[in-house]
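Structure file my_file_38.cif (mmCIF, C-alpha atoms) follows.
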```
data_my_file
#
loop_
_atom_site.label_atom_id
_atom_site.label_comp_id
_atom_site.auth_asym_id
_atom_site.auth_seq_id
_atom_site.Cartn_x
_atom_site.Cartn_y
_atom_site.Cartn_z
CA MET A 498 -77.27 49.50 -206.13
CA SER A 499 -79.92 52.16 -205.46
CA GLU A 500 -82.45 53.45 -207.96
CA VAL A 501 -82.70 57.19 -208.39
CA THR A 502 -84.23 59.62 -210.87
CA VAL A 503 -82.69 62.92 -211.93
CA ILE A 504 -84.90 65.54 -213.57
CA GLY A 505 -83.08 68.45 -215.17
CA LEU A 506 -79.89 67.94 -217.15
CA GLY A 507 -78.30 71.34 -217.33
CA PRO A 508 -74.63 71.56 -216.32
CA MET A 509 -75.36 70.84 -212.64
CA GLY A 510 -78.06 68.24 -213.18
CA ALA A 511 -75.91 66.37 -215.69
CA ALA A 512 -72.99 66.40 -213.24
CA LEU A 513 -75.25 64.97 -210.52
CA ALA A 514 -76.50 62.19 -212.80
CA GLN A 515 -72.97 61.37 -213.94
CA ALA A 516 -71.68 61.13 -210.37
CA LEU A 517 -74.54 58.82 -209.44
CA LEU A 518 -73.74 56.57 -212.41
CA GLN A 519 -70.07 56.49 -211.49
CA ASN A 520 -71.02 55.36 -208.00
CA GLY A 521 -72.98 52.39 -209.33
CA HIS A 522 -76.54 53.63 -208.96
CA GLN A 523 -79.30 52.87 -211.44
CA VAL A 524 -80.17 56.31 -212.79
CA THR A 525 -83.30 57.28 -214.69
CA VAL A 526 -83.17 60.72 -216.30
CA TRP A 527 -85.55 63.14 -217.95
CA ASN A 528 -85.03 66.55 -219.50
CA ARG A 529 -87.14 68.75 -221.73
CA THR A 530 -84.31 68.79 -224.27
CA VAL A 531 -83.78 65.10 -224.96
CA GLU A 532 -80.36 65.63 -226.57
CA LYS A 533 -78.87 66.57 -223.20
CA ALA A 534 -79.58 63.06 -221.95
CA GLU A 535 -77.64 61.29 -224.71
CA PRO A 536 -74.16 61.32 -223.05
CA LEU A 537 -75.70 59.96 -219.84
CA VAL A 538 -77.62 57.24 -221.69
CA GLN A 539 -74.36 56.19 -223.33
CA ASN A 540 -72.94 55.81 -219.81
CA GLY A 541 -75.82 53.64 -218.64
CA ALA A 542 -78.65 55.99 -217.66
CA ILE A 543 -82.24 55.15 -218.56
CA LEU A 544 -84.12 57.88 -220.44
CA ALA A 545 -87.76 58.18 -219.39
CA PRO A 546 -90.35 59.39 -221.95
CA ASN A 547 -91.84 61.96 -219.56
CA ALA A 548 -91.43 63.41 -216.07
CA ALA A 549 -94.17 61.26 -214.50
CA SER A 550 -92.67 57.99 -215.70
CA ALA A 551 -89.22 59.16 -214.61
CA ILE A 552 -90.48 59.76 -211.07
CA ALA A 553 -92.38 56.45 -211.04
CA ALA A 554 -89.16 54.58 -211.92
CA SER A 555 -87.35 55.29 -208.62
CA PRO A 556 -88.08 55.65 -204.90
CA VAL A 557 -86.05 58.91 -204.84
CA THR A 558 -86.25 61.74 -207.38
CA ILE A 559 -83.72 64.58 -207.49
CA VAL A 560 -84.85 67.71 -209.29
CA CYS A 561 -82.19 70.20 -210.37
CA VAL A 562 -83.47 72.89 -212.73
CA ALA A 563 -82.92 76.64 -212.96
CA ASN A 564 -85.39 77.64 -210.24
CA TYR A 565 -88.56 76.63 -208.44
CA LYS A 566 -90.77 78.25 -211.10
CA THR A 567 -89.27 75.93 -213.72
CA SER A 568 -89.68 73.00 -211.33
CA TYR A 569 -93.40 73.72 -210.94
CA SER A 570 -93.82 74.02 -214.70
CA ILE A 571 -92.53 70.44 -215.01
CA LEU A 572 -94.03 68.82 -211.94
CA ASP A 573 -97.33 70.57 -211.29
CA THR A 574 -99.48 68.16 -213.34
CA PRO A 575 -101.95 65.43 -212.27
CA ASP A 576 -99.84 62.56 -213.61
CA VAL A 577 -96.72 63.78 -211.78
CA ALA A 578 -98.73 64.26 -208.58
CA ALA A 579 -99.85 60.65 -208.76
CA ALA A 580 -96.28 59.47 -209.37
CA LEU A 581 -94.90 61.47 -206.42
CA THR A 582 -97.16 59.82 -203.84
CA GLY A 583 -95.10 57.76 -201.42
CA ARG A 584 -91.77 58.78 -202.94
CA VAL A 585 -88.90 60.97 -201.77
CA PHE A 586 -88.60 64.31 -203.57
CA VAL A 587 -85.19 66.01 -203.26
CA GLN A 588 -85.29 69.58 -204.55
CA LEU A 589 -81.85 70.87 -205.55
CA SER A 590 -83.02 73.78 -207.69
CA THR A 591 -82.11 77.33 -206.70
CA GLY A 592 -84.66 79.09 -204.51
CA THR A 593 -85.32 81.32 -201.52
CA PRO A 594 -86.19 80.11 -198.02
CA GLN A 595 -89.86 80.98 -198.60
CA GLU A 596 -89.87 79.06 -201.87
CA ALA A 597 -88.53 76.05 -199.96
CA ARG A 598 -91.38 76.31 -197.45
CA ASP A 599 -93.94 76.59 -200.24
CA ASN A 600 -92.43 73.71 -202.20
CA ALA A 601 -92.43 71.49 -199.11
CA ALA A 602 -96.14 72.19 -198.58
CA TRP A 603 -96.80 71.48 -202.28
CA ALA A 604 -94.95 68.16 -202.06
CA ARG A 605 -96.68 67.20 -198.82
CA GLU A 606 -100.09 67.79 -200.43
CA ARG A 607 -99.09 65.26 -203.09
CA GLY A 608 -97.95 62.66 -200.60
CA ALA A 609 -94.22 63.06 -201.18
CA ASP A 610 -91.50 63.03 -198.52
CA TYR A 611 -89.62 66.28 -199.10
CA LEU A 612 -85.96 67.24 -198.72
CA ASP A 613 -84.72 70.67 -199.77
CA GLY A 614 -81.09 71.04 -200.73
CA ALA A 615 -78.61 73.67 -201.85
CA ILE A 616 -75.28 73.08 -203.56
CA PRO A 617 -72.54 75.63 -202.75
CA ALA A 618 -70.34 74.26 -205.53
CA THR A 619 -69.80 74.26 -209.27
CA PRO A 620 -70.57 71.28 -211.57
CA PRO A 621 -66.89 70.19 -211.82
CA GLN A 622 -66.78 69.94 -208.01
CA ILE A 623 -69.62 67.39 -207.84
CA GLY A 624 -68.49 63.99 -206.55
CA ARG A 625 -65.53 65.33 -204.59
CA PRO A 626 -65.06 64.53 -200.90
CA ASP A 627 -64.68 68.22 -200.05
CA THR A 628 -67.91 69.28 -201.78
CA THR A 629 -70.94 70.20 -199.65
CA ILE A 630 -74.68 69.93 -200.15
CA PHE A 631 -76.83 71.57 -197.46
CA THR A 632 -80.08 69.72 -196.72
CA SER A 633 -83.19 70.27 -194.62
CA GLY A 634 -86.66 68.78 -194.51
CA THR A 635 -88.05 65.58 -193.06
CA GLN A 636 -85.71 63.23 -191.23
CA THR A 637 -87.09 60.29 -193.21
CA ALA A 638 -86.43 61.94 -196.57
CA TYR A 639 -82.84 62.61 -195.51
CA GLN A 640 -82.31 59.05 -194.32
CA LYS A 641 -83.70 57.58 -197.54
CA SER A 642 -81.54 59.80 -199.77
CA GLU A 643 -78.40 60.24 -197.66
CA GLN A 644 -76.26 57.62 -199.41
CA LEU A 645 -77.31 58.88 -202.83
CA LEU A 646 -76.40 62.44 -201.87
CA LYS A 647 -73.04 61.28 -200.50
CA SER A 648 -72.28 60.03 -204.01
CA LEU A 649 -72.56 63.68 -205.03
CA ALA A 650 -70.70 65.36 -202.17
CA GLY A 651 -68.55 64.15 -199.31
CA ASN A 652 -70.18 66.57 -196.89
CA VAL A 653 -74.00 66.43 -196.71
CA PRO A 654 -75.07 68.01 -193.41
CA PHE A 655 -78.72 67.66 -192.39
CA LEU A 656 -79.68 71.04 -190.93
CA GLY A 657 -82.93 69.85 -189.39
CA GLU A 658 -86.65 69.79 -190.12
CA LYS A 659 -86.94 73.57 -190.61
CA VAL A 660 -87.20 73.14 -194.36
CA SER A 661 -85.90 76.64 -195.14
CA ALA A 662 -82.58 75.99 -193.35
CA ALA A 663 -80.70 74.72 -196.41
CA SER A 664 -81.66 77.73 -198.53
CA SER A 665 -80.92 80.22 -195.74
CA THR A 666 -77.54 78.59 -195.05
CA ASP A 667 -76.69 78.61 -198.76
CA LEU A 668 -77.56 82.31 -199.05
CA ALA A 669 -75.47 83.00 -195.94
CA PHE A 670 -72.56 81.13 -197.52
CA LEU A 671 -72.95 83.03 -200.79
CA SER A 672 -73.16 86.35 -198.93
CA THR A 673 -69.86 85.50 -197.25
CA LEU A 674 -68.35 84.41 -200.57
CA PHE A 675 -69.52 87.39 -202.62
CA GLY A 676 -68.62 89.83 -199.85
CA SER A 677 -65.14 88.34 -199.72
CA MET A 678 -64.89 88.42 -203.51
CA MET A 679 -65.87 92.10 -203.61
CA GLY A 680 -63.11 92.76 -201.09
CA PHE A 681 -60.69 90.74 -203.20
CA PHE A 682 -61.61 92.57 -206.41
CA HIS A 683 -60.97 95.90 -204.70
CA ALA A 684 -57.72 94.40 -203.40
CA ALA A 685 -56.82 93.62 -207.02
CA ARG A 686 -57.15 97.31 -207.88
CA ILE A 687 -55.01 98.31 -204.88
CA LEU A 688 -52.28 95.94 -206.08
CA GLU A 689 -52.57 96.95 -209.73
CA SER A 690 -52.32 100.61 -208.77
CA ASP A 691 -48.89 99.85 -207.24
CA GLY A 692 -47.70 97.53 -210.00
CA LEU A 693 -48.02 94.36 -207.90
CA ARG A 694 -49.20 90.91 -209.02
CA VAL A 695 -52.78 89.91 -208.31
CA ASP A 696 -52.16 86.20 -208.97
CA GLU A 697 -49.45 86.01 -206.33
CA PHE A 698 -51.77 87.69 -203.84
CA GLY A 699 -54.51 85.19 -204.69
CA SER A 700 -52.13 82.36 -203.88
CA MET A 701 -51.21 84.07 -200.62
CA ILE A 702 -54.88 84.35 -199.61
CA SER A 703 -55.40 80.66 -200.41
CA ALA A 704 -52.52 79.75 -198.13
CA ILE A 705 -53.80 81.78 -195.18
CA ALA A 706 -57.49 80.95 -195.69
CA PRO A 707 -57.70 78.80 -192.51
CA ALA A 708 -56.64 81.81 -190.42
CA MET A 709 -59.30 83.94 -192.07
CA GLY A 710 -61.85 81.22 -191.38
CA GLU A 711 -60.83 81.25 -187.73
CA MET A 712 -61.53 84.98 -187.57
CA ILE A 713 -64.98 84.51 -189.08
CA LYS A 714 -65.73 81.70 -186.64
CA TYR A 715 -64.75 83.95 -183.75
CA GLU A 716 -67.04 86.74 -184.93
CA GLY A 717 -69.84 84.21 -185.42
CA ASP A 718 -69.48 83.06 -181.81
CA ILE A 719 -69.48 86.67 -180.61
CA ILE A 720 -72.61 87.56 -182.59
CA HIS A 721 -74.47 84.44 -181.45
CA ALA A 722 -73.62 85.14 -177.80
CA ASN A 723 -74.32 88.87 -178.27
CA THR A 724 -71.18 89.71 -176.28
CA PHE A 725 -69.25 92.56 -177.88
CA ASP A 726 -67.75 94.25 -174.82
CA GLN A 727 -64.32 92.55 -174.74
CA PRO A 728 -62.96 93.28 -178.21
CA GLN A 729 -59.97 91.65 -179.78
CA SER A 730 -60.33 94.25 -182.52
CA SER A 731 -62.67 97.16 -181.90
CA LEU A 732 -64.78 98.98 -184.45
CA ASN A 733 -62.76 102.15 -183.79
CA THR A 734 -59.54 100.31 -184.64
CA CYS A 735 -61.00 98.83 -187.81
CA LEU A 736 -62.49 102.18 -188.84
CA VAL A 737 -58.95 103.59 -189.16
CA THR A 738 -58.18 100.88 -191.75
CA VAL A 739 -61.41 101.44 -193.69
CA LYS A 740 -60.61 105.14 -193.89
CA MET A 741 -57.21 104.21 -195.32
CA PHE A 742 -58.94 102.18 -198.07
CA VAL A 743 -60.80 105.32 -199.11
CA GLU A 744 -57.67 107.50 -198.89
CA GLN A 745 -55.61 105.04 -200.94
CA ALA A 746 -58.31 104.94 -203.62
CA ARG A 747 -58.26 108.75 -203.80
CA GLU A 748 -54.46 108.88 -204.00
CA ALA A 749 -54.27 106.14 -206.65
CA GLY A 750 -57.27 107.35 -208.62
CA ILE A 751 -59.04 103.98 -208.48
CA ASN A 752 -62.71 103.14 -207.96
CA ALA A 753 -63.71 103.78 -204.34
CA GLU A 754 -67.29 102.43 -204.28
CA PHE A 755 -66.53 99.37 -202.15
CA PRO A 756 -64.54 101.11 -199.39
CA THR A 757 -66.96 104.07 -199.41
CA PHE A 758 -69.87 101.69 -198.82
CA ALA A 759 -67.98 99.96 -196.01
CA LEU A 760 -67.01 103.30 -194.46
CA GLY A 761 -70.67 104.32 -194.33
CA LEU A 762 -71.59 101.22 -192.30
CA PHE A 763 -68.59 101.52 -189.99
CA GLN A 764 -69.24 105.20 -189.35
CA LYS A 765 -72.90 104.50 -188.63
CA ALA A 766 -71.88 101.89 -186.05
CA VAL A 767 -69.38 104.21 -184.38
CA ASP A 768 -71.91 107.06 -184.35
CA ALA A 769 -74.36 104.70 -182.62
CA GLY A 770 -71.84 104.26 -179.80
CA TYR A 771 -70.38 100.87 -180.70
CA GLY A 772 -66.83 102.10 -181.39
CA ASN A 773 -65.20 100.42 -178.40
CA GLU A 774 -66.97 97.12 -179.02
CA GLU A 775 -65.87 94.07 -181.01
CA LEU A 776 -65.90 94.34 -184.82
CA GLY A 777 -68.89 92.00 -184.91
CA ALA A 778 -70.97 94.74 -183.27
CA LEU A 779 -71.37 96.07 -186.81
CA VAL A 780 -74.22 93.55 -187.03
CA LYS A 781 -76.21 95.81 -184.69
CA VAL A 782 -76.41 98.38 -187.48
CA LEU A 783 -77.65 95.70 -189.87
CA ARG A 784 -80.24 94.56 -187.35
#
```
Would you mind writing the file's structure down as structure tokens?
Amino acid sequence: MSEVTVIGLGPMGAALAQALLQNGHQVTVWNRTVEKAEPLVQNGAILAPNAASAIAASPVTIVCVANYKTSYSILDTPDVAAALTGRVFVQLSTGTPQEARDNAAWARERGADYLDGAIPATPPQIGRPDTTIFTSGTQTAYQKSEQLLKSLAGNVPFLGEKVSAASSTDLAFLSTLFGSMMGFFHAARILESDGLRVDEFGSMISAIAPAMGEMIKYEGDIIHANTFDQPQSSLNTCLVTVKMFVEQAREAGINAEFPTFALGLFQKAVDAGYGNEELGALVKVLR
């Protein structure tokens, strides 16, 4: 049984603490609102009287609050600094890559071994084998917290000692997710405009998701290698489809903001001379 502290008991923090308890760890918790700790205490967690004593209770502390600003407001005190010395600090709050760099420096100045993490999941998904937590920071911090983190998610990749890597990868994942969702929401309006069922289409997309993932992987390889000259699907070919999105929206009288935005980027890429290159050459416009 490992000892671990969880600071922050909002929906995600509480889910983390509960998963750790279910996996047999000794869990100390602290939260500004004490009432949020009560269900966890009933399940065996130990409630610390303050943040410093919570950190002192375990070799590893996981912090999961709204953002890094809130984290500093809790931890940036002399008594917490003393408690952090020689311990592993796992930051799972939401933040930018620069905030991760700054937080790592702050932790290092206080003698803590720092691991930054990002959770591309919802609280109900915590503890599942298919859930992921991205991590980056010191190798030692990862090694000391790996088994604890694997109680929270079946997939816990260590992205290296560039401490910003977890945050950057999480933002990249969310950009992919939100971009896909925007496309899906416009798809919903296309279907609704023709009297078709959105739920059935959602199920269809779920079924063919691996094929879509394969396409994204291919474009990722192309972008990384910077080789766009042997297209499977050229920008010119894809531009025809994007123009159809705009035309369909006009014909059906539905909102055209999403396809109009996409058309602007595609047209800019074609005007720059990338029309006969692979779709991924669109990244040149974004560069």
* To do: Have a look at A:Asn733, A:Asn520, A:Thr738, A:Thr635 and name the one nearest to Arg605 of chain A; count only C-alpha atoms.
  =>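 The closest residue to Arg605 of chain A is A:Thr635.
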* To do: Name all residues at most 9 Å from Gln515 of chain A (count only C-alpha atoms; drop same-chain ones fewer than 5 positions away) and give them as a list in words.
  => Gly510, Asn520, Val524, Leu537, Asn540 and Ala542 of chain A
How would the residues just chosen look if you wrote them out with C-alpha atoms as a PDB file, keeping the file's coordinate frame?
```
ATOM      1  CA  GLY A 510     -78.060  68.240-213.180  1.00  0.00           C
ATOM      2  CA  ASN A 520     -71.020  55.360-208.000  1.00  0.00           C
ATOM      3  CA  VAL A 524     -80.170  56.310-212.790  1.00  0.00           C
ATOM      4  CA  LEU A 537     -75.700  59.960-219.840  1.00  0.00           C
ATOM      5  CA  ASN A 540     -72.940  55.810-219.810  1.00  0.00           C
ATOM      6  CA  ALA A 542     -78.650  55.990-217.660  1.00  0.00           C
TER       7      ALA A 542
END
```
* Tell me, in Å to one decimal, how far atom CA of Ala551 of chain A is from atom CA of Trp527 of chain A. =>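 Straight-line distance from atom CA of Ala551 of chain A to atom CA of Trp527 of chain A works out to 6.4 Å.
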For segment 652-661 of chain A, take all atoms listed in the file, fit an axis-aligned box around them, add 4 Å to each of the six sides, then output centre and edge lengths in Å rounded to one decimal, as JSON.
```
{"center_x": -78.7, "center_y": 71.5, "center_z": -193.1, "size_x": 25.0, "size_y": 18.2, "size_z": 15.5}
```
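Among the candidates A:Gly750, A:Gly657, A:Gly680, A:Pro508, the one nearest to Val562 of chain A when counting all atoms listed in the file is A:Pro508.
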